[in-house]
Amino acid sequence: MVMDVEIVSKEFIKPTSPTPYHLRTHRLSFLDQFIPSNIYVPMVFFYTNQETNINSKRSQLLKQSLSETLLLFYPLAGRIKDRFSIDCNDEGAYYVEARVNRPLNEFLSFPHDLSFISQLLPCQARWTATNAGGGYVAMIQVTSFACGSIVIGSFLSHMIVDGAAATTFLTSWATLTLKGKCGAAASPNFDASFVFPQSEAYPEDATLLGLFSPFLKTGICGSRRIVFDASAIASLKTKTASWSVPHPTRVEAVSALLCKCIMATSKGKSALINHAVNLRTRAVGEYKYWMGNFLCMAAALVTSGKEAELDDLVCHLRKAIRKADEDFVKSLQGEGGLLKFCQYLEEIGNKSSSSCSDGEIDFIVFSSWCNFGVYEIDFGWGKPTWVTCTASNNSETVFMNTIILMDTKMGDGIEAWVYLEEQDLVMLEQNSHLLSFGSLEHSPLK
């Protein structure tokens with residue numbers, strides 16, 4: 001559906017006070033170095049049916065509170081210097097104000113066409129390599145609609161935030177907007193480089209894209225949003241349960257189903273399944289408000305046939321993910337951590353190489369944003385009606401098969417964004433097994 005977005009203004013929002021000299025260079029951890037500089041974390045928050053006569057007041061309040069938030073999250077007001085550091089120069093977060101002279105519900109009422117979402121972000125998502133120097137760390141777009149609804153789109157550099165860290169930043173911004181006091185917001189910790197110290201010896205090709213380069217595709221990347229409600233997930237968890245995993249999680253159950261259905265589109269290929277693992281919940285100590293990337297990839301190689309049954313897929317996923325346990329996180333800390341991490345990446349790389357050599361392999365990357373609390377982010381005009389990532393713009397690009405899992409508004413379902421070649425998506429959306437659990441026509445307004 002065509003959305004006519006009018007850009008009202010572009011500016012840079014700076015912190016309320018200068019960053020102290022000793023904090024002007026933020027060193028990245030080696031877990032941050034694993035993420036290519038051109039990848040950003042997109043989040044889009046829809047707040048419906050607000051008052052139409054307070055737009056100017058609301059706009060000023062958002063900018064002021066963002067300035068106060070950047071005082072706490074000072075690297076987000078800087079620029080990407082290189083693969084080792086962020087220049088915390090206080091140049092500011094890139095901030096766009098926009099408006100649409102139509103009501104938001106006109107667009108949300110047509111769930112089969114959500115291509116307009118990308119217009120609510122300040123920049124287009126992409127996988128292609130770019131020069132890191134001088135890149136923005138944080139970009140924000142605030143779009144007002146004729147009905148008074150407002151949409152906040154954030155685009156944060158993955159070099160310094162993962163999904164959990166992005167949520168921490170946005171929650172703090174919302175808290176300061178709502179309550180107007182710095183003490184009410186979370187105090188972020190930017191000391192990850194002391195726990196996972198970087199090294200100039202870190203291999204330049206030891207990145208997410210470098211590791212999985214054999215599986216990068218060039219072509220038209222499409223996207224589909226598939227919603228699994230609570231009842232569907234309950235049924236799916238029953239079908240995926242086994243003696244080995246009697247109580248699969250909703251993320252495991254949905255991941256297994258999507259894997260099985262994607263493998264079916266390729267008629268018998270095996271699959272290398274990768275799941276991003278949040279290490280904060282596995283580490284000893286309190287890391288909830290630590291910024292940076294506290295994640296690694298868990299890889300499971302699944303052959304077609306018996307191993308592609310739902311219960312077996314769940315077993316493979318859980319086994320792979322549980323390798324990233326408390327002891328694993330401990331082994332990554334300190335001076336020997338980088339070596340351990342590179343050895344771990346080498347193991348995944350060997351799986352990738354052996355799988356890719358025969359050419360009969362599917363490659364799927366999962367990232368779960370479930371349980372991050374995104375539907376609790378209230379800027380003062382209520383909780384969001386819908387929180388999502390972004391739709392593909394259906395242009396030719398470099399990409400990999402990716403699935404992002406998010407909570408539904410009630411918190412007991414899952415919204416899956418699937419990014420595949422368009423021809424594979426056409427086959428996937430006709431899969432009767434998938435459609436018996438998931439919906440392609442679920443309105444964000446429900």
# chains A, B, ... in the order shown; residues from 1 in each chain; ligands from 1

$ closest_atom_pairs --of "range 411-435 of chain A" --to "range 364-369 of chain A" --cutoff "10 Å" --atoms "only C-alpha atoms" --output "JSON lines"
{"residue": "A:Ile414", "atom": "CA", "partner": "A:Ser368", "partner_atom": "CA", "distance": 9.7}
{"residue": "A:Glu415", "atom": "CA", "partner": "A:Trp369", "partner_atom": "CA", "distance": 9.9}
{"residue": "A:Ala416", "atom": "CA", "partner": "A:Ser368", "partner_atom": "CA", "distance": 9.1}
{"residue": "A:Trp417", "atom": "CA", "partner": "A:Phe366", "partner_atom": "CA", "distance": 9.9}
{"residue": "A:Val418", "atom": "CA", "partner": "A:Phe366", "partner_atom": "CA", "distance": 9.3}
{"residue": "A:Tyr419", "atom": "CA", "partner": "A:Ile364", "partner_atom": "CA", "distance": 9.6}
{"residue": "A:Leu420", "atom": "CA", "partner": "A:Ile364", "partner_atom": "CA", "distance": 9.3}

$ write_last_selection --atoms "N, CA, C and O atoms" --output "compact mmCIF listing (two decimals), in the first residue's frame"
# COMPACT_ATOMS: atom_id res chain seq x y z
N ILE A 414 3.51 -15.33 18.89
CA ILE A 414 4.76 -14.95 18.22
C ILE A 414 4.44 -14.41 16.84
O ILE A 414 3.63 -14.97 16.09
N GLU A 415 5.07 -13.28 16.52
CA GLU A 415 5.02 -12.71 15.19
C GLU A 415 6.37 -12.99 14.53
O GLU A 415 7.41 -12.57 15.03
N ALA A 416 6.34 -13.72 13.43
CA ALA A 416 7.58 -14.08 12.74
C ALA A 416 7.69 -13.30 11.43
O ALA A 416 6.76 -13.29 10.62
N TRP A 417 8.83 -12.63 11.27
CA TRP A 417 9.14 -11.97 10.00
C TRP A 417 10.14 -12.86 9.26
O TRP A 417 11.23 -13.12 9.76
N VAL A 418 9.73 -13.33 8.09
CA VAL A 418 10.54 -14.28 7.32
C VAL A 418 11.08 -13.57 6.08
O VAL A 418 10.30 -13.02 5.28
N TYR A 419 12.40 -13.59 5.91
CA TYR A 419 13.07 -12.95 4.77
C TYR A 419 13.74 -14.02 3.93
O TYR A 419 14.72 -14.64 4.35
N LEU A 420 13.18 -14.25 2.73
CA LEU A 420 13.69 -15.26 1.80
C LEU A 420 13.61 -14.71 0.38
O LEU A 420 13.04 -13.64 0.15

$ residues_around --residues "range 426-428 of chain A" --least-positions-apart "4" --cutoff "8 Å" --atoms "only C-alpha atoms" --output "PyMOL selection string"
chain A and resi 261-262+265+422+434

$ write_last_selection --atoms "all heavy atoms" --output "CSV table (one decimal), in the first residue's frame"
chain,number,residue,atom,x,y,z
A,261,CYS,N,9.1,-26.2,7.2
A,261,CYS,CA,8.4,-25.7,6.0
A,261,CYS,C,9.4,-25.1,5.0
A,261,CYS,O,9.1,-25.2,3.8
A,261,CYS,CB,7.3,-24.7,6.5
A,261,CYS,SG,6.0,-25.4,7.5
A,262,ILE,N,10.4,-24.4,5.5
A,262,ILE,CA,11.4,-23.8,4.5
A,262,ILE,C,12.2,-24.9,3.9
A,262,ILE,O,12.4,-24.9,2.7
A,262,ILE,CB,12.3,-22.9,5.3
A,262,ILE,CG1,11.6,-21.6,5.7
A,262,ILE,CG2,13.5,-22.5,4.4
A,262,ILE,CD1,12.4,-20.7,6.6
A,265,THR,N,10.3,-26.3,0.9
A,265,THR,CA,10.3,-25.6,-0.3
A,265,THR,C,11.5,-26.0,-1.2
A,265,THR,O,11.5,-25.7,-2.4
A,265,THR,CB,10.4,-24.1,0.0
A,265,THR,OG1,11.6,-23.7,0.6
A,265,THR,CG2,9.2,-23.6,0.9
A,422,GLU,N,12.0,-14.2,-3.0
A,422,GLU,CA,10.5,-14.1,-3.3
A,422,GLU,C,9.9,-15.4,-3.8
A,422,GLU,O,8.8,-15.7,-3.3
A,422,GLU,CB,10.3,-12.9,-4.2
A,422,GLU,CG,8.8,-12.6,-4.4
A,422,GLU,CD,8.1,-12.2,-3.2
A,422,GLU,OE1,8.7,-11.5,-2.4
A,422,GLU,OE2,6.9,-12.5,-3.0
A,434,LEU,N,2.1,-25.1,7.5
A,434,LEU,CA,2.4,-23.8,8.1
A,434,LEU,C,1.1,-23.1,8.4
A,434,LEU,O,0.9,-22.5,9.5
A,434,LEU,CB,3.3,-23.0,7.2
A,434,LEU,CG,3.6,-21.6,7.6
A,434,LEU,CD1,4.3,-21.6,9.0
A,434,LEU,CD2,4.3,-20.8,6.6

$ closest_residue --among "A:Trp243, A:Trp381, A:Phe30, A:Tyr21" --to "Cys296 in chain A" --atoms "only C-alpha atoms"
A:Phe30

$ select_by_dssp --residues "range 212-319 of chain A" --states "alpha helix (DSSP H)" --output "ChimeraX atom specification"
/A:230-240,250-265,310-319

$ atom_distance --atom1 "CA of Phe12 in chain A" --atom2 "CA of Phe190 in chain A"
22.3 Å

$ residues_around --residues "range 389-393 of chain A" --least-positions-apart "3" --cutoff "6 Å" --atoms "only C-alpha atoms" --output "PDB file with all heavy atoms, in the first residue's frame"
ATOM      1  N   PRO A  42      16.442  -2.512  13.488  1.00  0.00           N
ATOM      2  CA  PRO A  42      15.241  -1.681  13.256  1.00  0.00           C
ATOM      3  C   PRO A  42      14.102  -2.070  14.199  1.00  0.00           C
ATOM      4  O   PRO A  42      13.777  -3.240  14.352  1.00  0.00           O
ATOM      5  CB  PRO A  42      14.883  -2.021  11.805  1.00  0.00           C
ATOM      6  CG  PRO A  42      15.333  -3.450  11.643  1.00  0.00           C
ATOM      7  CD  PRO A  42      16.463  -3.685  12.603  1.00  0.00           C
ATOM      8  N   MET A  43      13.510  -1.084  14.840  1.00  0.00           N
ATOM      9  CA  MET A  43      12.311  -1.316  15.651  1.00  0.00           C
ATOM     10  C   MET A  43      11.309  -0.203  15.347  1.00  0.00           C
ATOM     11  O   MET A  43      11.698   0.969  15.290  1.00  0.00           O
ATOM     12  CB  MET A  43      12.633  -1.330  17.147  1.00  0.00           C
ATOM     13  CG  MET A  43      13.362  -2.569  17.632  1.00  0.00           C
ATOM     14  SD  MET A  43      13.479  -2.594  19.452  1.00  0.00           S
ATOM     15  CE  MET A  43      14.266  -4.192  19.700  1.00  0.00           C
ATOM     16  N   VAL A  44      10.050  -0.573  15.174  1.00  0.00           N
ATOM     17  CA  VAL A  44       9.010   0.396  14.832  1.00  0.00           C
ATOM     18  C   VAL A  44       7.851   0.236  15.815  1.00  0.00           C
ATOM     19  O   VAL A  44       7.294  -0.855  15.959  1.00  0.00           O
ATOM     20  CB  VAL A  44       8.510   0.200  13.382  1.00  0.00           C
ATOM     21  CG1 VAL A  44       7.564   1.330  12.998  1.00  0.00           C
ATOM     22  CG2 VAL A  44       9.685   0.132  12.403  1.00  0.00           C
ATOM     23  N   SER A 115       4.328  -3.160   3.245  1.00  0.00           N
ATOM     24  CA  SER A 115       5.558  -2.630   2.656  1.00  0.00           C
ATOM     25  C   SER A 115       5.850  -1.198   3.092  1.00  0.00           C
ATOM     26  O   SER A 115       6.990  -0.738   3.004  1.00  0.00           O
ATOM     27  CB  SER A 115       5.497  -2.712   1.129  1.00  0.00           C
ATOM     28  OG  SER A 115       4.366  -2.004   0.636  1.00  0.00           O
ATOM     29  N   ILE A 117       6.076  -0.043   5.976  1.00  0.00           N
ATOM     30  CA  ILE A 117       6.806   0.055   7.248  1.00  0.00           C
ATOM     31  C   ILE A 117       8.194   0.646   7.055  1.00  0.00           C
ATOM     32  O   ILE A 117       8.665   1.446   7.868  1.00  0.00           O
ATOM     33  CB  ILE A 117       6.900  -1.324   7.927  1.00  0.00           C
ATOM     34  CG1 ILE A 117       5.512  -1.844   8.292  1.00  0.00           C
ATOM     35  CG2 ILE A 117       7.770  -1.254   9.187  1.00  0.00           C
ATOM     36  CD1 ILE A 117       5.507  -3.252   8.850  1.00  0.00           C
ATOM     37  N   SER A 118       8.856   0.268   5.958  1.00  0.00           N
ATOM     38  CA  SER A 118      10.213   0.768   5.723  1.00  0.00           C
ATOM     39  C   SER A 118      10.244   2.292   5.596  1.00  0.00           C
ATOM     40  O   SER A 118      11.277   2.920   5.863  1.00  0.00           O
ATOM     41  CB  SER A 118      10.812   0.120   4.475  1.00  0.00           C
ATOM     42  OG  SER A 118      10.041   0.424   3.328  1.00  0.00           O
ATOM     43  N   GLY A 222      12.328 -10.947  -0.406  1.00  0.00           N
ATOM     44  CA  GLY A 222      10.975 -10.607   0.005  1.00  0.00           C
ATOM     45  C   GLY A 222      10.790 -10.867   1.486  1.00  0.00           C
ATOM     46  O   GLY A 222      11.674 -11.408   2.163  1.00  0.00           O
ATOM     47  N   SER A 223       9.638 -10.496   2.012  1.00  0.00           N
ATOM     48  CA  SER A 223       9.352 -10.728   3.425  1.00  0.00           C
ATOM     49  C   SER A 223       7.879 -11.084   3.600  1.00  0.00           C
ATOM     50  O   SER A 223       7.026 -10.651   2.826  1.00  0.00           O
ATOM     51  CB  SER A 223       9.698  -9.492   4.264  1.00  0.00           C
ATOM     52  OG  SER A 223       8.962  -8.363   3.837  1.00  0.00           O
TER      53      SER A 223
END

$ residues_around --residues "Ala253 in chain A" --least-positions-apart "4" --cutoff "10 Å" --atoms "only C-alpha atoms" --output "ChimeraX atom specification"
/A:233-241,247-249,257-258,310-311,313-314,317

$ select_by_dssp --residues "range 200-408 of chain A" --states "strand (DSSP E)" --output "PyMOL selection string"
chain A and resi 217-228+270-278+295-302+361-368+386-388+396-399+402-407

$ write_last_selection --atoms "N, CA and C atoms" --output "CSV table (one decimal), in the first residue's frame"
chain,number,residue,atom,x,y,z
A,217,LYS,N,23.2,-14.4,-0.6
A,217,LYS,CA,22.5,-14.5,-1.9
A,217,LYS,C,22.4,-13.1,-2.5
A,218,THR,N,22.3,-13.0,-3.8
A,218,THR,CA,22.1,-11.8,-4.5
A,218,THR,C,20.8,-11.9,-5.3
A,219,GLY,N,19.8,-11.1,-5.0
A,219,GLY,CA,18.6,-11.2,-5.7
A,219,GLY,C,17.5,-10.4,-5.0
A,220,ILE,N,16.2,-10.7,-5.3
A,220,ILE,CA,15.1,-10.0,-4.7
A,220,ILE,C,14.7,-10.7,-3.4
A,221,CYS,N,15.0,-10.0,-2.3
A,221,CYS,CA,14.6,-10.5,-1.0
A,221,CYS,C,13.2,-10.0,-0.6
A,222,GLY,N,12.3,-10.9,-0.4
A,222,GLY,CA,11.0,-10.6,0.0
A,222,GLY,C,10.8,-10.9,1.5
A,223,SER,N,9.6,-10.5,2.0
A,223,SER,CA,9.4,-10.7,3.4
A,223,SER,C,7.9,-11.1,3.6
A,224,ARG,N,7.6,-11.9,4.6
A,224,ARG,CA,6.3,-12.2,5.0
A,224,ARG,C,6.2,-12.2,6.5
A,225,ARG,N,5.0,-11.7,7.0
A,225,ARG,CA,4.7,-11.6,8.4
A,225,ARG,C,3.8,-12.8,8.7
A,226,ILE,N,4.2,-13.6,9.6
A,226,ILE,CA,3.3,-14.8,10.0
A,226,ILE,C,3.1,-14.8,11.5
A,227,VAL,N,1.8,-14.8,11.9
A,227,VAL,CA,1.5,-14.6,13.3
A,227,VAL,C,0.9,-16.0,13.8
A,228,PHE,N,1.5,-16.4,15.0
A,228,PHE,CA,1.1,-17.6,15.7
A,228,PHE,C,0.4,-17.2,17.0
A,270,SER,N,19.2,-30.5,3.1
A,270,SER,CA,19.5,-30.4,4.5
A,270,SER,C,19.5,-28.9,4.9
A,271,ALA,N,19.7,-28.6,6.2
A,271,ALA,CA,19.7,-27.2,6.6
A,271,ALA,C,20.7,-27.0,7.7
A,272,LEU,N,21.4,-25.9,7.6
A,272,LEU,CA,22.2,-25.4,8.7
A,272,LEU,C,21.4,-24.3,9.4
A,273,ILE,N,21.0,-24.6,10.6
A,273,ILE,CA,20.1,-23.6,11.3
A,273,ILE,C,20.9,-22.9,12.4
A,274,ASN,N,20.9,-21.6,12.4
A,274,ASN,CA,21.6,-20.8,13.3
A,274,ASN,C,20.6,-19.9,14.1
A,275,HIS,N,20.8,-20.0,15.5
A,275,HIS,CA,19.9,-19.2,16.4
A,275,HIS,C,20.8,-18.2,17.2
A,276,ALA,N,20.5,-16.9,17.2
A,276,ALA,CA,21.2,-16.0,18.0
A,276,ALA,C,20.8,-16.3,19.5
A,277,VAL,N,21.9,-16.3,20.3
A,277,VAL,CA,21.6,-16.6,21.8
A,277,VAL,C,22.0,-15.4,22.6
A,278,ASN,N,21.1,-15.0,23.4
A,278,ASN,CA,21.3,-13.9,24.4
A,278,ASN,C,22.1,-14.4,25.5
A,295,LEU,N,25.8,-11.7,22.6
A,295,LEU,CA,25.2,-12.8,21.9
A,295,LEU,C,26.2,-13.6,21.1
A,296,CYS,N,25.8,-14.8,20.8
A,296,CYS,CA,26.6,-15.6,19.9
A,296,CYS,C,25.6,-16.4,19.1
A,297,MET,N,26.2,-17.1,18.1
A,297,MET,CA,25.3,-18.0,17.2
A,297,MET,C,25.4,-19.4,17.7
A,298,ALA,N,24.3,-20.1,17.7
A,298,ALA,CA,24.2,-21.5,18.0
A,298,ALA,C,23.8,-22.2,16.7
A,299,ALA,N,24.6,-23.2,16.2
A,299,ALA,CA,24.4,-23.8,14.9
A,299,ALA,C,24.0,-25.3,15.0
A,300,ALA,N,23.0,-25.7,14.3
A,300,ALA,CA,22.6,-27.1,14.2
A,300,ALA,C,22.5,-27.5,12.8
A,301,LEU,N,23.2,-28.6,12.4
A,301,LEU,CA,23.1,-29.1,11.0
A,301,LEU,C,22.1,-30.2,11.0
A,302,VAL,N,21.0,-30.1,10.2
A,302,VAL,CA,19.9,-31.0,10.2
A,302,VAL,C,19.8,-31.6,8.8
A,361,ILE,N,22.2,-27.6,0.6
A,361,ILE,CA,22.0,-27.2,1.9
A,361,ILE,C,21.2,-25.9,1.9
A,362,ASP,N,20.3,-25.8,2.9
A,362,ASP,CA,19.6,-24.6,3.2
A,362,ASP,C,20.3,-23.9,4.4
A,363,PHE,N,20.2,-22.6,4.4
A,363,PHE,CA,20.8,-21.9,5.5
A,363,PHE,C,19.8,-20.9,6.1
A,364,ILE,N,19.6,-21.0,7.4
A,364,ILE,CA,18.5,-20.2,8.0
A,364,ILE,C,19.1,-19.6,9.3
A,365,VAL,N,18.9,-18.3,9.5
A,365,VAL,CA,19.3,-17.6,10.7
A,365,VAL,C,18.1,-17.1,11.4
A,366,PHE,N,18.0,-17.4,12.7
A,366,PHE,CA,16.9,-17.0,13.6
A,366,PHE,C,17.5,-16.0,14.6
A,367,SER,N,16.6,-15.0,14.9
A,367,SER,CA,16.9,-14.0,16.0
A,367,SER,C,15.6,-13.8,16.7
A,368,SER,N,15.6,-14.2,18.0
A,368,SER,CA,14.4,-14.0,18.8
A,368,SER,C,14.5,-12.7,19.6
A,386,TRP,N,1.2,-1.8,18.4
A,386,TRP,CA,2.0,-2.8,17.6
A,386,TRP,C,3.4,-2.4,17.6
A,387,VAL,N,4.3,-3.4,17.8
A,387,VAL,CA,5.7,-3.3,17.7
A,387,VAL,C,6.3,-4.3,16.7
A,388,THR,N,7.1,-3.8,15.7
A,388,THR,CA,7.5,-4.7,14.7
A,388,THR,C,8.9,-4.3,14.2
A,396,GLU,N,16.7,-5.6,-5.4
A,396,GLU,CA,17.8,-6.5,-5.5
A,396,GLU,C,18.9,-6.1,-4.5
A,397,THR,N,19.3,-7.1,-3.7
A,397,THR,CA,20.3,-6.8,-2.7
A,397,THR,C,21.0,-8.1,-2.4
A,398,VAL,N,22.0,-8.0,-1.4
A,398,VAL,CA,22.7,-9.2,-0.9
A,398,VAL,C,22.0,-9.5,0.4
A,399,PHE,N,21.7,-10.7,0.7
A,399,PHE,CA,21.0,-11.1,1.9
A,399,PHE,C,21.2,-12.5,2.2
A,402,THR,N,16.7,-15.2,6.7
A,402,THR,CA,16.6,-14.7,8.1
A,402,THR,C,15.2,-14.7,8.6
A,403,ILE,N,15.0,-15.0,9.9
A,403,ILE,CA,13.7,-15.0,10.5
A,403,ILE,C,13.9,-14.3,11.9
A,404,ILE,N,13.1,-13.3,12.1
A,404,ILE,CA,13.0,-12.5,13.3
A,404,ILE,C,11.7,-12.9,14.0
A,405,LEU,N,11.8,-13.3,15.3
A,405,LEU,CA,10.7,-13.7,16.1
A,405,LEU,C,10.4,-12.6,17.1
A,406,MET,N,9.2,-12.1,17.2
A,406,MET,CA,8.8,-11.1,18.2
A,406,MET,C,7.5,-11.5,19.0
A,407,ASP,N,7.4,-10.9,20.1
A,407,ASP,CA,6.1,-11.1,20.9
A,407,ASP,C,4.9,-10.5,20.1

$ closest_residue --among "A:Tyr47, A:Trp290, A:Phe194, A:Tyr344" --to "Gly380 in chain A" --atoms "only C-alpha atoms"
A:Tyr47

$ residues_around --residues "Ser157 in chain A" --least-positions-apart "3" --cutoff "12 Å" --atoms "only C-alpha atoms" --output "PyMOL selection string"
chain A and resi 32+35-43+75-80+86+93+123+125+132+135-140+154+160-163+165-166+291-293

$ closest_residue --among "A:Thr171, A:Gln119, A:Ala164, A:Met3" --to "Pro103 in chain A" --atoms "only C-alpha atoms"
A:Met3

$ atom_distance --atom1 "CA of Leu332 in chain A" --atom2 "CA of Phe212 in chain A"
21.4 Å

$ closest_residue --among "A:Phe328, A:Phe341, A:Phe46, A:Phe73" --to "Gly148 in chain A" --atoms "only C-alpha atoms"
A:Phe46
